[in-house]
file my_file-v1.pdb (PDB, C-alpha atoms and all ligand atoms)
ATOM      1  CA  MET U   1      49.520 153.678  85.165  1.00  0.00           C
ATOM      2  CA  SER U   2      51.874 153.092  88.095  1.00  0.00           C
ATOM      3  CA  THR U   3      50.682 154.063  91.587  1.00  0.00           C
ATOM      4  CA  VAL U   4      54.213 153.926  93.004  1.00  0.00           C
ATOM      5  CA  PRO U   5      55.209 157.442  94.136  1.00  0.00           C
ATOM      6  CA  LEU U   6      58.247 158.948  92.440  1.00  0.00           C
ATOM      7  CA  LEU U   7      61.228 158.920  94.773  1.00  0.00           C
ATOM      8  CA  GLU U   8      63.157 162.122  95.143  1.00  0.00           C
ATOM      9  CA  PRO U   9      66.847 161.552  94.353  1.00  0.00           C
ATOM     10  CA  THR U  10      69.100 161.947  97.368  1.00  0.00           C
ATOM     11  CA  ARG U  11      71.074 165.173  97.139  1.00  0.00           C
ATOM     12  CA  GLU U  12      74.353 163.896  98.502  1.00  0.00           C
ATOM     13  CA  ARG U  13      77.627 165.751  98.424  1.00  0.00           C
ATOM     14  CA  THR U  14      81.038 164.175  98.287  1.00  0.00           C
ATOM     15  CA  LEU U  15      84.619 165.397  98.130  1.00  0.00           C
ATOM     16  CA  VAL U  16      86.766 164.237  95.238  1.00  0.00           C
ATOM     17  CA  ILE U  17      90.408 165.309  95.132  1.00  0.00           C
ATOM     18  CA  MET U  18      92.700 165.053  92.135  1.00  0.00           C
ATOM     19  CA  LYS U  19      95.903 164.045  93.915  1.00  0.00           C
ATOM     20  CA  PRO U  20      99.358 165.358  92.916  1.00  0.00           C
ATOM     21  CA  ASP U  21     100.001 162.474  90.482  1.00  0.00           C
ATOM     22  CA  THR U  22      96.819 163.306  88.559  1.00  0.00           C
ATOM     23  CA  VAL U  23      97.639 167.013  88.387  1.00  0.00           C
ATOM     24  CA  ARG U  24     101.259 166.332  87.342  1.00  0.00           C
ATOM     25  CA  ARG U  25     100.206 163.811  84.716  1.00  0.00           C
ATOM     26  CA  ALA U  26      97.735 166.371  83.325  1.00  0.00           C
ATOM     27  CA  LEU U  27      94.858 163.948  83.784  1.00  0.00           C
ATOM     28  CA  THR U  28      92.567 166.242  85.772  1.00  0.00           C
ATOM     29  CA  GLY U  29      90.237 167.089  82.891  1.00  0.00           C
ATOM     30  CA  GLU U  30      89.982 163.523  81.675  1.00  0.00           C
ATOM     31  CA  ILE U  31      89.262 162.134  85.124  1.00  0.00           C
ATOM     32  CA  LEU U  32      86.893 164.918  86.120  1.00  0.00           C
ATOM     33  CA  ALA U  33      84.905 164.225  82.947  1.00  0.00           C
ATOM     34  CA  ARG U  34      84.130 160.739  84.257  1.00  0.00           C
ATOM     35  CA  PHE U  35      82.484 162.174  87.363  1.00  0.00           C
ATOM     36  CA  GLU U  36      80.536 164.711  85.317  1.00  0.00           C
ATOM     37  CA  ARG U  37      79.480 162.113  82.761  1.00  0.00           C
ATOM     38  CA  VAL U  38      77.964 159.853  85.393  1.00  0.00           C
ATOM     39  CA  GLY U  39      75.708 162.731  86.484  1.00  0.00           C
ATOM     40  CA  LEU U  40      77.562 164.327  89.395  1.00  0.00           C
ATOM     41  CA  LYS U  41      77.434 168.113  89.444  1.00  0.00           C
ATOM     42  CA  ILE U  42      80.403 170.287  90.396  1.00  0.00           C
ATOM     43  CA  VAL U  43      79.205 172.614  93.154  1.00  0.00           C
ATOM     44  CA  GLY U  44      82.642 173.677  94.421  1.00  0.00           C
ATOM     45  CA  ALA U  45      86.258 173.593  93.216  1.00  0.00           C
ATOM     46  CA  LYS U  46      89.680 174.723  94.426  1.00  0.00           C
ATOM     47  CA  MET U  47      93.396 174.165  93.851  1.00  0.00           C
ATOM     48  CA  VAL U  48      95.412 173.750  97.021  1.00  0.00           C
ATOM     49  CA  TRP U  49      98.938 172.767  97.989  1.00  0.00           C
ATOM     50  CA  MET U  50      98.226 171.043 101.291  1.00  0.00           C
ATOM     51  CA  THR U  51     100.391 171.507 104.361  1.00  0.00           C
ATOM     52  CA  GLN U  52     101.214 168.427 106.449  1.00  0.00           C
ATOM     53  CA  GLU U  53      98.984 169.841 109.178  1.00  0.00           C
ATOM     54  CA  PHE U  54      95.996 170.177 106.840  1.00  0.00           C
ATOM     55  CA  ALA U  55      96.582 166.731 105.289  1.00  0.00           C
ATOM     56  CA  LYS U  56      96.604 165.165 108.750  1.00  0.00           C
ATOM     57  CA  LYS U  57      93.306 166.916 109.486  1.00  0.00           C
ATOM     58  CA  HIS U  58      91.869 165.712 106.189  1.00  0.00           C
ATOM     59  CA  TYR U  59      92.712 162.068 106.896  1.00  0.00           C
ATOM     60  CA  VAL U  60      92.118 162.398 110.668  1.00  0.00           C
ATOM     61  CA  ALA U  61      95.451 160.616 110.654  1.00  0.00           C
ATOM     62  CA  ASP U  62      95.359 159.455 114.275  1.00  0.00           C
ATOM     63  CA  ARG U  63      92.326 157.166 113.790  1.00  0.00           C
ATOM     64  CA  VAL U  64      93.580 153.781 115.039  1.00  0.00           C
ATOM     65  CA  GLU U  65      91.206 151.761 112.837  1.00  0.00           C
ATOM     66  CA  TRP U  66      92.186 153.706 109.721  1.00  0.00           C
ATOM     67  CA  VAL U  67      95.925 153.356 110.437  1.00  0.00           C
ATOM     68  CA  LYS U  68      95.441 149.619 111.007  1.00  0.00           C
ATOM     69  CA  GLY U  69      93.414 149.415 107.791  1.00  0.00           C
ATOM     70  CA  LEU U  70      96.276 150.978 105.833  1.00  0.00           C
ATOM     71  CA  GLY U  71      98.610 148.331 107.277  1.00  0.00           C
ATOM     72  CA  GLU U  72      96.162 145.557 106.493  1.00  0.00           C
ATOM     73  CA  LYS U  73      95.864 146.668 102.865  1.00  0.00           C
ATOM     74  CA  SER U  74      99.645 146.600 102.633  1.00  0.00           C
ATOM     75  CA  LEU U  75      99.829 143.135 104.147  1.00  0.00           C
ATOM     76  CA  MET U  76      97.159 141.907 101.735  1.00  0.00           C
ATOM     77  CA  ALA U  77      99.261 143.093  98.798  1.00  0.00           C
ATOM     78  CA  TYR U  78     102.446 141.538 100.167  1.00  0.00           C
ATOM     79  CA  THR U  79     100.638 138.203 100.668  1.00  0.00           C
ATOM     80  CA  LYS U  80      99.276 138.379  97.123  1.00  0.00           C
ATOM     81  CA  ASN U  81     102.752 139.045  95.710  1.00  0.00           C
ATOM     82  CA  GLY U  82     104.426 136.476  97.926  1.00  0.00           C
ATOM     83  CA  THR U  83     106.796 139.146  99.260  1.00  0.00           C
ATOM     84  CA  ASP U  84     107.822 139.602 102.882  1.00  0.00           C
ATOM     85  CA  PRO U  85     106.584 142.798 104.570  1.00  0.00           C
ATOM     86  CA  LYS U  86     109.296 142.396 107.233  1.00  0.00           C
ATOM     87  CA  GLU U  87     111.946 143.115 104.608  1.00  0.00           C
ATOM     88  CA  THR U  88     110.392 146.524 103.948  1.00  0.00           C
ATOM     89  CA  PHE U  89     108.911 147.454 107.317  1.00  0.00           C
ATOM     90  CA  GLY U  90     110.827 145.273 109.792  1.00  0.00           C
ATOM     91  CA  THR U  91     107.467 144.092 111.163  1.00  0.00           C
ATOM     92  CA  ALA U  92     104.267 142.340 110.082  1.00  0.00           C
ATOM     93  CA  ASP U  93     102.084 144.182 112.592  1.00  0.00           C
ATOM     94  CA  PRO U  94      99.307 146.005 110.676  1.00  0.00           C
ATOM     95  CA  TYR U  95      99.187 148.980 113.048  1.00  0.00           C
ATOM     96  CA  GLU U  96     102.960 149.511 112.949  1.00  0.00           C
ATOM     97  CA  ILE U  97     102.981 149.196 109.144  1.00  0.00           C
ATOM     98  CA  GLY U  98      99.950 151.491 108.967  1.00  0.00           C
ATOM     99  CA  LYS U  99     101.785 154.226 110.869  1.00  0.00           C
ATOM    100  CA  VAL U 100     104.646 154.144 108.369  1.00  0.00           C
ATOM    101  CA  VAL U 101     102.269 154.081 105.393  1.00  0.00           C
ATOM    102  CA  ALA U 102     100.227 156.968 106.826  1.00  0.00           C
ATOM    103  CA  GLY U 103     103.443 159.029 106.846  1.00  0.00           C
ATOM    104  CA  TYR U 104     104.111 158.133 103.201  1.00  0.00           C
ATOM    105  CA  LEU U 105     100.546 159.059 102.301  1.00  0.00           C
ATOM    106  CA  ILE U 106     100.745 162.458 103.972  1.00  0.00           C
ATOM    107  CA  ASP U 107     104.056 163.202 102.164  1.00  0.00           C
ATOM    108  CA  TYR U 108     102.503 162.103  98.866  1.00  0.00           C
ATOM    109  CA  VAL U 109      99.408 164.288  99.079  1.00  0.00           C
ATOM    110  CA  CYS U 110     101.578 167.245 100.105  1.00  0.00           C
ATOM    111  CA  SER U 111     104.110 166.687  97.299  1.00  0.00           C
ATOM    112  CA  GLY U 112     102.352 168.995  94.844  1.00  0.00           C
ATOM    113  CA  PRO U 113      99.141 170.891  94.291  1.00  0.00           C
ATOM    114  CA  VAL U 114      95.834 169.044  94.292  1.00  0.00           C
ATOM    115  CA  ILE U 115      92.452 170.083  92.916  1.00  0.00           C
ATOM    116  CA  ALA U 116      89.461 169.442  95.134  1.00  0.00           C
ATOM    117  CA  PHE U 117      85.938 169.152  93.793  1.00  0.00           C
ATOM    118  CA  LEU U 118      82.731 169.147  95.705  1.00  0.00           C
ATOM    119  CA  LEU U 119      80.359 166.956  93.736  1.00  0.00           C
ATOM    120  CA  GLU U 120      76.630 166.666  94.235  1.00  0.00           C
ATOM    121  CA  GLY U 121      74.071 164.191  93.031  1.00  0.00           C
ATOM    122  CA  ASN U 122      72.007 161.129  93.705  1.00  0.00           C
ATOM    123  CA  MET U 123      74.063 158.592  95.689  1.00  0.00           C
ATOM    124  CA  ALA U 124      77.119 160.791  95.068  1.00  0.00           C
ATOM    125  CA  ILE U 125      79.306 159.188  97.737  1.00  0.00           C
ATOM    126  CA  GLU U 126      78.995 155.587  96.594  1.00  0.00           C
ATOM    127  CA  ILE U 127      79.006 156.507  92.922  1.00  0.00           C
ATOM    128  CA  ALA U 128      82.278 158.447  93.284  1.00  0.00           C
ATOM    129  CA  ARG U 129      83.885 155.544  95.161  1.00  0.00           C
ATOM    130  CA  LYS U 130      82.739 153.152  92.475  1.00  0.00           C
ATOM    131  CA  LEU U 131      84.313 155.287  89.753  1.00  0.00           C
ATOM    132  CA  ALA U 132      87.581 155.550  91.726  1.00  0.00           C
ATOM    133  CA  GLY U 133      87.777 151.795  92.277  1.00  0.00           C
ATOM    134  CA  PRO U 134      89.501 149.927  95.122  1.00  0.00           C
ATOM    135  CA  THR U 135      92.583 151.407  96.779  1.00  0.00           C
ATOM    136  CA  LEU U 136      95.059 148.932  95.357  1.00  0.00           C
ATOM    137  CA  PRO U 137      95.343 149.421  91.584  1.00  0.00           C
ATOM    138  CA  ILE U 138      96.002 145.701  91.188  1.00  0.00           C
ATOM    139  CA  MET U 139      92.489 145.042  92.531  1.00  0.00           C
ATOM    140  CA  ALA U 140      90.826 147.842  90.533  1.00  0.00           C
ATOM    141  CA  ALA U 141      88.913 146.662  87.482  1.00  0.00           C
ATOM    142  CA  PRO U 142      89.384 148.230  84.059  1.00  0.00           C
ATOM    143  CA  GLY U 143      86.849 151.033  83.689  1.00  0.00           C
ATOM    144  CA  THR U 144      87.607 152.396  87.150  1.00  0.00           C
ATOM    145  CA  ILE U 145      90.010 155.326  87.479  1.00  0.00           C
ATOM    146  CA  ARG U 146      92.587 153.369  89.449  1.00  0.00           C
ATOM    147  CA  GLY U 147      92.143 150.391  87.143  1.00  0.00           C
ATOM    148  CA  ASP U 148      92.628 152.459  84.009  1.00  0.00           C
ATOM    149  CA  TYR U 149      95.381 154.886  85.022  1.00  0.00           C
ATOM    150  CA  SER U 150      97.599 153.215  87.612  1.00  0.00           C
ATOM    151  CA  ASN U 151      99.766 150.126  87.719  1.00  0.00           C
ATOM    152  CA  ASP U 152     101.442 151.165  90.954  1.00  0.00           C
ATOM    153  CA  SER U 153     101.846 148.566  93.691  1.00  0.00           C
ATOM    154  CA  THR U 154     102.470 148.783  97.406  1.00  0.00           C
ATOM    155  CA  ASP U 155     105.759 146.864  97.307  1.00  0.00           C
ATOM    156  CA  VAL U 156     107.217 149.208  94.687  1.00  0.00           C
ATOM    157  CA  ALA U 157     105.790 152.281  96.449  1.00  0.00           C
ATOM    158  CA  ASN U 158     106.845 151.245  99.937  1.00  0.00           C
ATOM    159  CA  SER U 159     110.371 150.226  98.869  1.00  0.00           C
ATOM    160  CA  ARG U 160     110.699 153.843  97.684  1.00  0.00           C
ATOM    161  CA  CYS U 161     109.236 155.109 100.970  1.00  0.00           C
ATOM    162  CA  ARG U 162     106.257 156.696  99.266  1.00  0.00           C
ATOM    163  CA  GLY U 163     102.485 156.397  99.141  1.00  0.00           C
ATOM    164  CA  LEU U 164     100.655 154.429  96.512  1.00  0.00           C
ATOM    165  CA  PHE U 165      99.767 156.602  93.529  1.00  0.00           C
ATOM    166  CA  THR U 166      95.991 156.275  93.427  1.00  0.00           C
ATOM    167  CA  LEU U 167      95.109 159.432  91.474  1.00  0.00           C
ATOM    168  CA  VAL U 168      92.017 160.474  93.391  1.00  0.00           C
ATOM    169  CA  HIS U 169      90.556 160.710  96.834  1.00  0.00           C
ATOM    170  CA  ALA U 170      86.812 160.201  97.239  1.00  0.00           C
ATOM    171  CA  SER U 171      85.012 160.421 100.605  1.00  0.00           C
ATOM    172  CA  GLY U 172      84.522 156.945 102.069  1.00  0.00           C
ATOM    173  CA  ASN U 173      81.032 157.268 103.554  1.00  0.00           C
ATOM    174  CA  LYS U 174      78.394 159.806 104.684  1.00  0.00           C
ATOM    175  CA  GLU U 175      80.200 160.636 107.905  1.00  0.00           C
ATOM    176  CA  GLU U 176      83.549 161.205 106.182  1.00  0.00           C
ATOM    177  CA  ALA U 177      81.890 163.209 103.426  1.00  0.00           C
ATOM    178  CA  ALA U 178      80.184 165.531 105.916  1.00  0.00           C
ATOM    179  CA  TYR U 179      83.475 166.086 107.756  1.00  0.00           C
ATOM    180  CA  GLU U 180      85.551 166.619 104.599  1.00  0.00           C
ATOM    181  CA  VAL U 181      83.077 168.948 102.896  1.00  0.00           C
ATOM    182  CA  LYS U 182      83.104 171.185 105.973  1.00  0.00           C
ATOM    183  CA  LEU U 183      86.893 171.066 106.203  1.00  0.00           C
ATOM    184  CA  TRP U 184      87.427 172.030 102.541  1.00  0.00           C
ATOM    185  CA  PHE U 185      84.562 174.358 101.632  1.00  0.00           C
ATOM    186  CA  LYS U 186      82.954 177.346 103.306  1.00  0.00           C
ATOM    187  CA  ASP U 187      79.230 177.807 102.639  1.00  0.00           C
ATOM    188  CA  GLU U 188      79.924 180.734 100.288  1.00  0.00           C
ATOM    189  CA  GLU U 189      82.239 178.541  98.179  1.00  0.00           C
ATOM    190  CA  ILE U 190      79.413 176.128  97.376  1.00  0.00           C
ATOM    191  CA  PHE U 191      77.184 176.960  94.406  1.00  0.00           C
ATOM    192  CA  ASP U 192      73.575 176.123  93.706  1.00  0.00           C
ATOM    193  CA  TYR U 193      72.585 175.947  90.032  1.00  0.00           C
ATOM    194  CA  THR U 194      70.782 173.612  87.678  1.00  0.00           C
ATOM    195  CA  ARG U 195      72.757 171.509  85.267  1.00  0.00           C
ATOM    196  CA  ALA U 196      71.270 171.427  81.783  1.00  0.00           C
ATOM    197  CA  ASP U 197      70.682 167.697  81.817  1.00  0.00           C
ATOM    198  CA  GLU U 198      69.327 167.433  85.363  1.00  0.00           C
ATOM    199  CA  ALA U 199      65.624 167.493  84.562  1.00  0.00           C
ATOM    200  CA  LEU U 200      66.066 165.097  81.689  1.00  0.00           C
ATOM    201  CA  ARG U 201      68.249 162.686  83.615  1.00  0.00           C
ATOM    202  CA  LEU U 202      66.064 162.407  86.704  1.00  0.00           C
ATOM    203  CA  GLY U 203      62.656 163.147  85.220  1.00  0.00           C
ATOM    204  CA  LYS U 204      60.164 160.700  83.807  1.00  0.00           C
ATOM    205  CA  PHE U 205      60.239 160.011  80.100  1.00  0.00           C
TER     206      PHE U 205
HETATM  207  P1  LIG P 301      91.203 155.091  99.680  1.00  0.00           P
HETATM  208  O1  LIG P 301      92.083 156.160  99.055  1.00  0.00           O
HETATM  209  O2  LIG P 301      90.802 154.045  98.679  1.00  0.00           O
HETATM  210  O3  LIG P 301      90.037 155.650 100.448  1.00  0.00           O
HETATM  211  P2  LIG P 301      92.684 154.550 102.163  1.00  0.00           P
HETATM  212  O4  LIG P 301      91.947 155.601 102.899  1.00  0.00           O
HETATM  213  O5  LIG P 301      92.850 153.223 102.828  1.00  0.00           O
HETATM  214  O6  LIG P 301      92.085 154.265 100.723  1.00  0.00           O
HETATM  215  O7  LIG P 301      94.166 155.068 101.830  1.00  0.00           O
HETATM  216  C1  LIG P 301      94.393 156.391 101.492  1.00  0.00           C
HETATM  217  C2  LIG P 301      95.536 156.456 100.517  1.00  0.00           C
HETATM  218  O8  LIG P 301      96.730 155.989 101.147  1.00  0.00           O
HETATM  219  C3  LIG P 301      95.421 155.602  99.262  1.00  0.00           C
HETATM  220  O9  LIG P 301      94.641 156.189  98.258  1.00  0.00           O
HETATM  221  C4  LIG P 301      96.875 155.491  98.848  1.00  0.00           C
HETATM  222  O10 LIG P 301      97.343 156.644  98.183  1.00  0.00           O
HETATM  223  C5  LIG P 301      97.596 155.415 100.199  1.00  0.00           C
HETATM  224  N1  LIG P 301      97.803 154.020 100.600  1.00  0.00           N
HETATM  225  C6  LIG P 301      96.881 153.148 101.048  1.00  0.00           C
HETATM  226  N2  LIG P 301      97.435 151.960 101.344  1.00  0.00           N
HETATM  227  C7  LIG P 301      98.748 152.091 101.066  1.00  0.00           C
HETATM  228  C8  LIG P 301      99.877 151.237 101.149  1.00  0.00           C
HETATM  229  N3  LIG P 301      99.749 150.010 101.583  1.00  0.00           N
HETATM  230  N4  LIG P 301     101.077 151.721 100.785  1.00  0.00           N
HETATM  231  C9  LIG P 301     101.204 152.985 100.356  1.00  0.00           C
HETATM  232  N5  LIG P 301     100.195 153.847 100.252  1.00  0.00           N
HETATM  233  C10 LIG P 301      98.978 153.419 100.601  1.00  0.00           C
END
call {"tool": "encode", "arguments": {"input": "my_file-v1.pdb", "output": "C-alpha cells", "more": "lines below"}}
Ligand code: ADP
result
Amino acid sequence: MSTVPLLEPTRERTLVIMKPDTVRRALTGEILARFERVGLKIVGAKMVWMTQEFAKKHYVADRVEWVKGLGEKSLMAYTKNGTDPKETFGTADPYEIGKVVAGYLIDYVCSGPVIAFLLEGNMAIEIARKLAGPTLPIMAAPGTIRGDYSNDSTDVANSRCRGLFTLVHASGNKEEAAYEVKLWFKDEEIFDYTRADEALRLGKF
C-alpha cells in the first residue's frame, strides 16, 4: 500500500469567453463541450455585448508588454509568411504594430455578443489554455480549438483591419484569471455544486 498522501486537486477558476465568431458560427455548444469533457465545471455563465470601455478593461489594453507582445506575434507571422509588415502597418516596430492590432482586437470582441463562462477545476487555467491552443491558428495543432476551427491568419486579418478570429479567450495565468473573474462575475453569480462525475474523476479507484 502506498504511503504517499493523496494530493488535493487545486480548485482553480478561469474565464473562458466564446468570442463573437464562435457565437455567430453557432459553435458555442460544441466548443463548450470540450471544456466540460476535460473535467472543468461551469460555475458561472453570461451573455454580454461588450462596450469598448469594458473590453479595454478586460484586456487592460494599456499594458505596454501586452501591446508589444501583440505586435511581436504579428511580426512572427509576417516573417513566417515572407510578407512585409511595413506594407500593412507602415512600420516594423512591435509596439507600434501592437497598438494598431489592439484596436482591431477591441473592435472584434465588441462586434457581437459573447458568452463568458467561469470554469473551475484542477489546473483549470493551464488546461483551458491548452484546449484553446496558441494564438495564431497556423501554429495551433489539430485537436486544439484554434487548430480545429480556424484557418485565419494575421496577414489576411490585418489587411482587412480586423482582429484575428481565434474563437475563444482563456485567462493567461493566475494573476489574469483572478482579475478577469472579478471583473466579469459578482460573488452571487458564482455557483457551488457537485458535478456528477467529480468524485469518480478525482477519487481513488
Ligand atoms: P490569446 O488570445 O492567445 O491570449 P493575445 O492576448 O496575445 O492572445 O491576443 C488576444 C487576441 O488578439 C487574440 O486572441 C486575437 O484575437 C487577437 N490578436 C492577437 N494577435 C493578433 C494579430 N497579430 N493580428 C490580429 N489580431 C491579433
call {"tool": "resolve_selection", "arguments": {"input": "my_file-v1.pdb", "expression": "the PyMOL selection byres (((chain U and resi 34) around 12) and not hetatm)", "output": "list of chain:residue names"}}
result
U:Val16, U:Leu27, U:Thr28, U:Gly29, U:Glu30, U:Ile31, U:Leu32, U:Ala33, U:Phe35, U:Glu36, U:Arg37, U:Val38, U:Gly39, U:Leu40, U:Lys41, U:Ile42, U:Leu119, U:Ile127, U:Ala128, U:Lys130, U:Leu131, U:Ala132, U:Gly143, U:Thr144, U:Ile145, U:Asp148
call {"tool": "write_last_selection", "arguments": {"input": "my_file-v1.pdb", "atoms": "C-alpha atoms", "output": "mmCIF file, keeping the file's coordinate frame"}}
result
data_model
loop_
_atom_site.group_PDB
_atom_site.id
_atom_site.type_symbol
_atom_site.label_atom_id
_atom_site.label_comp_id
_atom_site.auth_asym_id
_atom_site.auth_seq_id
_atom_site.Cartn_x
_atom_site.Cartn_y
_atom_site.Cartn_z
ATOM 1 C CA VAL U 16 86.766 164.237 95.238
ATOM 2 C CA LEU U 27 94.858 163.948 83.784
ATOM 3 C CA THR U 28 92.567 166.242 85.772
ATOM 4 C CA GLY U 29 90.237 167.089 82.891
ATOM 5 C CA GLU U 30 89.982 163.523 81.675
ATOM 6 C CA ILE U 31 89.262 162.134 85.124
ATOM 7 C CA LEU U 32 86.893 164.918 86.120
ATOM 8 C CA ALA U 33 84.905 164.225 82.947
ATOM 9 C CA PHE U 35 82.484 162.174 87.363
ATOM 10 C CA GLU U 36 80.536 164.711 85.317
ATOM 11 C CA ARG U 37 79.480 162.113 82.761
ATOM 12 C CA VAL U 38 77.964 159.853 85.393
ATOM 13 C CA GLY U 39 75.708 162.731 86.484
ATOM 14 C CA LEU U 40 77.562 164.327 89.395
ATOM 15 C CA LYS U 41 77.434 168.113 89.444
ATOM 16 C CA ILE U 42 80.403 170.287 90.396
ATOM 17 C CA LEU U 119 80.359 166.956 93.736
ATOM 18 C CA ILE U 127 79.006 156.507 92.922
ATOM 19 C CA ALA U 128 82.278 158.447 93.284
ATOM 20 C CA LYS U 130 82.739 153.152 92.475
ATOM 21 C CA LEU U 131 84.313 155.287 89.753
ATOM 22 C CA ALA U 132 87.581 155.550 91.726
ATOM 23 C CA GLY U 143 86.849 151.033 83.689
ATOM 24 C CA THR U 144 87.607 152.396 87.150
ATOM 25 C CA ILE U 145 90.010 155.326 87.479
ATOM 26 C CA ASP U 148 92.628 152.459 84.009
#
call {"tool": "residues_near_ligand", "arguments": {"input": "my_file-v1.pdb", "ligand": "ligand LIG 301 (chain P)", "cutoff": "6 Å", "atoms": "all atoms listed in the file", "output": "list of chain:residue names"}}
result
U:Leu70, U:Lys73, U:Ser74, U:Val101, U:Leu105, U:Pro134, U:Thr135, U:Thr154, U:Asn158, U:Gly163, U:Leu164, U:Phe165, U:Thr166, U:His169, U:Gly172
call {"tool": "write_last_selection", "arguments": {"input": "my_file-v1.pdb", "atoms": "C-alpha atoms", "output": "mmCIF file, in the coordinates of the input"}}
result
data_model
loop_
_atom_site.group_PDB
_atom_site.id
_atom_site.type_symbol
_atom_site.label_atom_id
_atom_site.label_comp_id
_atom_site.auth_asym_id
_atom_site.auth_seq_id
_atom_site.Cartn_x
_atom_site.Cartn_y
_atom_site.Cartn_z
ATOM 1 C CA LEU U 70 96.276 150.978 105.833
ATOM 2 C CA LYS U 73 95.864 146.668 102.865
ATOM 3 C CA SER U 74 99.645 146.600 102.633
ATOM 4 C CA VAL U 101 102.269 154.081 105.393
ATOM 5 C CA LEU U 105 100.546 159.059 102.301
ATOM 6 C CA PRO U 134 89.501 149.927 95.122
ATOM 7 C CA THR U 135 92.583 151.407 96.779
ATOM 8 C CA THR U 154 102.470 148.783 97.406
ATOM 9 C CA ASN U 158 106.845 151.245 99.937
ATOM 10 C CA GLY U 163 102.485 156.397 99.141
ATOM 11 C CA LEU U 164 100.655 154.429 96.512
ATOM 12 C CA PHE U 165 99.767 156.602 93.529
ATOM 13 C CA THR U 166 95.991 156.275 93.427
ATOM 14 C CA HIS U 169 90.556 160.710 96.834
ATOM 15 C CA GLY U 172 84.522 156.945 102.069
#
call {"tool": "resolve_selection", "arguments": {"input": "my_file-v1.pdb", "expression": "the PyMOL selection byres (((chain U and resi 97) around 10) and not hetatm)", "output": "list of chain:residue names"}}
result
U:Val67, U:Lys68, U:Gly69, U:Leu70, U:Gly71, U:Glu72, U:Lys73, U:Ser74, U:Leu75, U:Pro85, U:Lys86, U:Thr88, U:Phe89, U:Gly90, U:Thr91, U:Ala92, U:Asp93, U:Pro94, U:Tyr95, U:Glu96, U:Gly98, U:Lys99, U:Val100, U:Val101, U:Ala102
call {"tool": "write_last_selection", "arguments": {"input": "my_file-v1.pdb", "atoms": "C-alpha atoms", "output": "PDB file, keeping the file's coordinate frame"}}
result
ATOM      1  CA  VAL U  67      95.925 153.356 110.437  1.00  0.00           C
ATOM      2  CA  LYS U  68      95.441 149.619 111.007  1.00  0.00           C
ATOM      3  CA  GLY U  69      93.414 149.415 107.791  1.00  0.00           C
ATOM      4  CA  LEU U  70      96.276 150.978 105.833  1.00  0.00           C
ATOM      5  CA  GLY U  71      98.610 148.331 107.277  1.00  0.00           C
ATOM      6  CA  GLU U  72      96.162 145.557 106.493  1.00  0.00           C
ATOM      7  CA  LYS U  73      95.864 146.668 102.865  1.00  0.00           C
ATOM      8  CA  SER U  74      99.645 146.600 102.633  1.00  0.00           C
ATOM      9  CA  LEU U  75      99.829 143.135 104.147  1.00  0.00           C
ATOM     10  CA  PRO U  85     106.584 142.798 104.570  1.00  0.00           C
ATOM     11  CA  LYS U  86     109.296 142.396 107.233  1.00  0.00           C
ATOM     12  CA  THR U  88     110.392 146.524 103.948  1.00  0.00           C
ATOM     13  CA  PHE U  89     108.911 147.454 107.317  1.00  0.00           C
ATOM     14  CA  GLY U  90     110.827 145.273 109.792  1.00  0.00           C
ATOM     15  CA  THR U  91     107.467 144.092 111.163  1.00  0.00           C
ATOM     16  CA  ALA U  92     104.267 142.340 110.082  1.00  0.00           C
ATOM     17  CA  ASP U  93     102.084 144.182 112.592  1.00  0.00           C
ATOM     18  CA  PRO U  94      99.307 146.005 110.676  1.00  0.00           C
ATOM     19  CA  TYR U  95      99.187 148.980 113.048  1.00  0.00           C
ATOM     20  CA  GLU U  96     102.960 149.511 112.949  1.00  0.00           C
ATOM     21  CA  GLY U  98      99.950 151.491 108.967  1.00  0.00           C
ATOM     22  CA  LYS U  99     101.785 154.226 110.869  1.00  0.00           C
ATOM     23  CA  VAL U 100     104.646 154.144 108.369  1.00  0.00           C
ATOM     24  CA  VAL U 101     102.269 154.081 105.393  1.00  0.00           C
ATOM     25  CA  ALA U 102     100.227 156.968 106.826  1.00  0.00           C
TER      26      ALA U 102
END
call {"tool": "atom_distance", "arguments": {"input": "my_file-v1.pdb", "atom1": "atom CA of Met76 of chain U", "atom2": "atom CA of Ser111 of chain U"}}
result
26.1 Å
call {"tool": "axis_aligned_box", "arguments": {"input": "my_file-v1.pdb", "around": "segment 155-164 of chain U", "padding_each_side": "5 Å", "output": "JSON"}}
result
{"center_x": 105.7, "center_y": 151.8, "center_z": 97.8, "size_x": 20.0, "size_y": 19.8, "size_z": 16.3}
call {"tool": "closest_residue", "arguments": {"input": "my_file-v1.pdb", "among": "U:Met123, U:Val109, U:Leu6, U:Ala116", "to": "Ala170 of chain U", "atoms": "all atoms listed in the file"}}
result
U:Ala116
call {"tool": "resolve_selection", "arguments": {"input": "my_file-v1.pdb", "expression": "the PyMOL selection byres (((chain U and resi 184) around 10) and not hetatm)", "output": "list in words"}}
result
Leu15, Gly44, Ala45, Lys46, Val48, Phe54, His58, Ala116, Phe117, Leu118, Tyr179, Glu180, Val181, Lys182, Leu183, Phe185, Lys186 and Glu189 of chain U
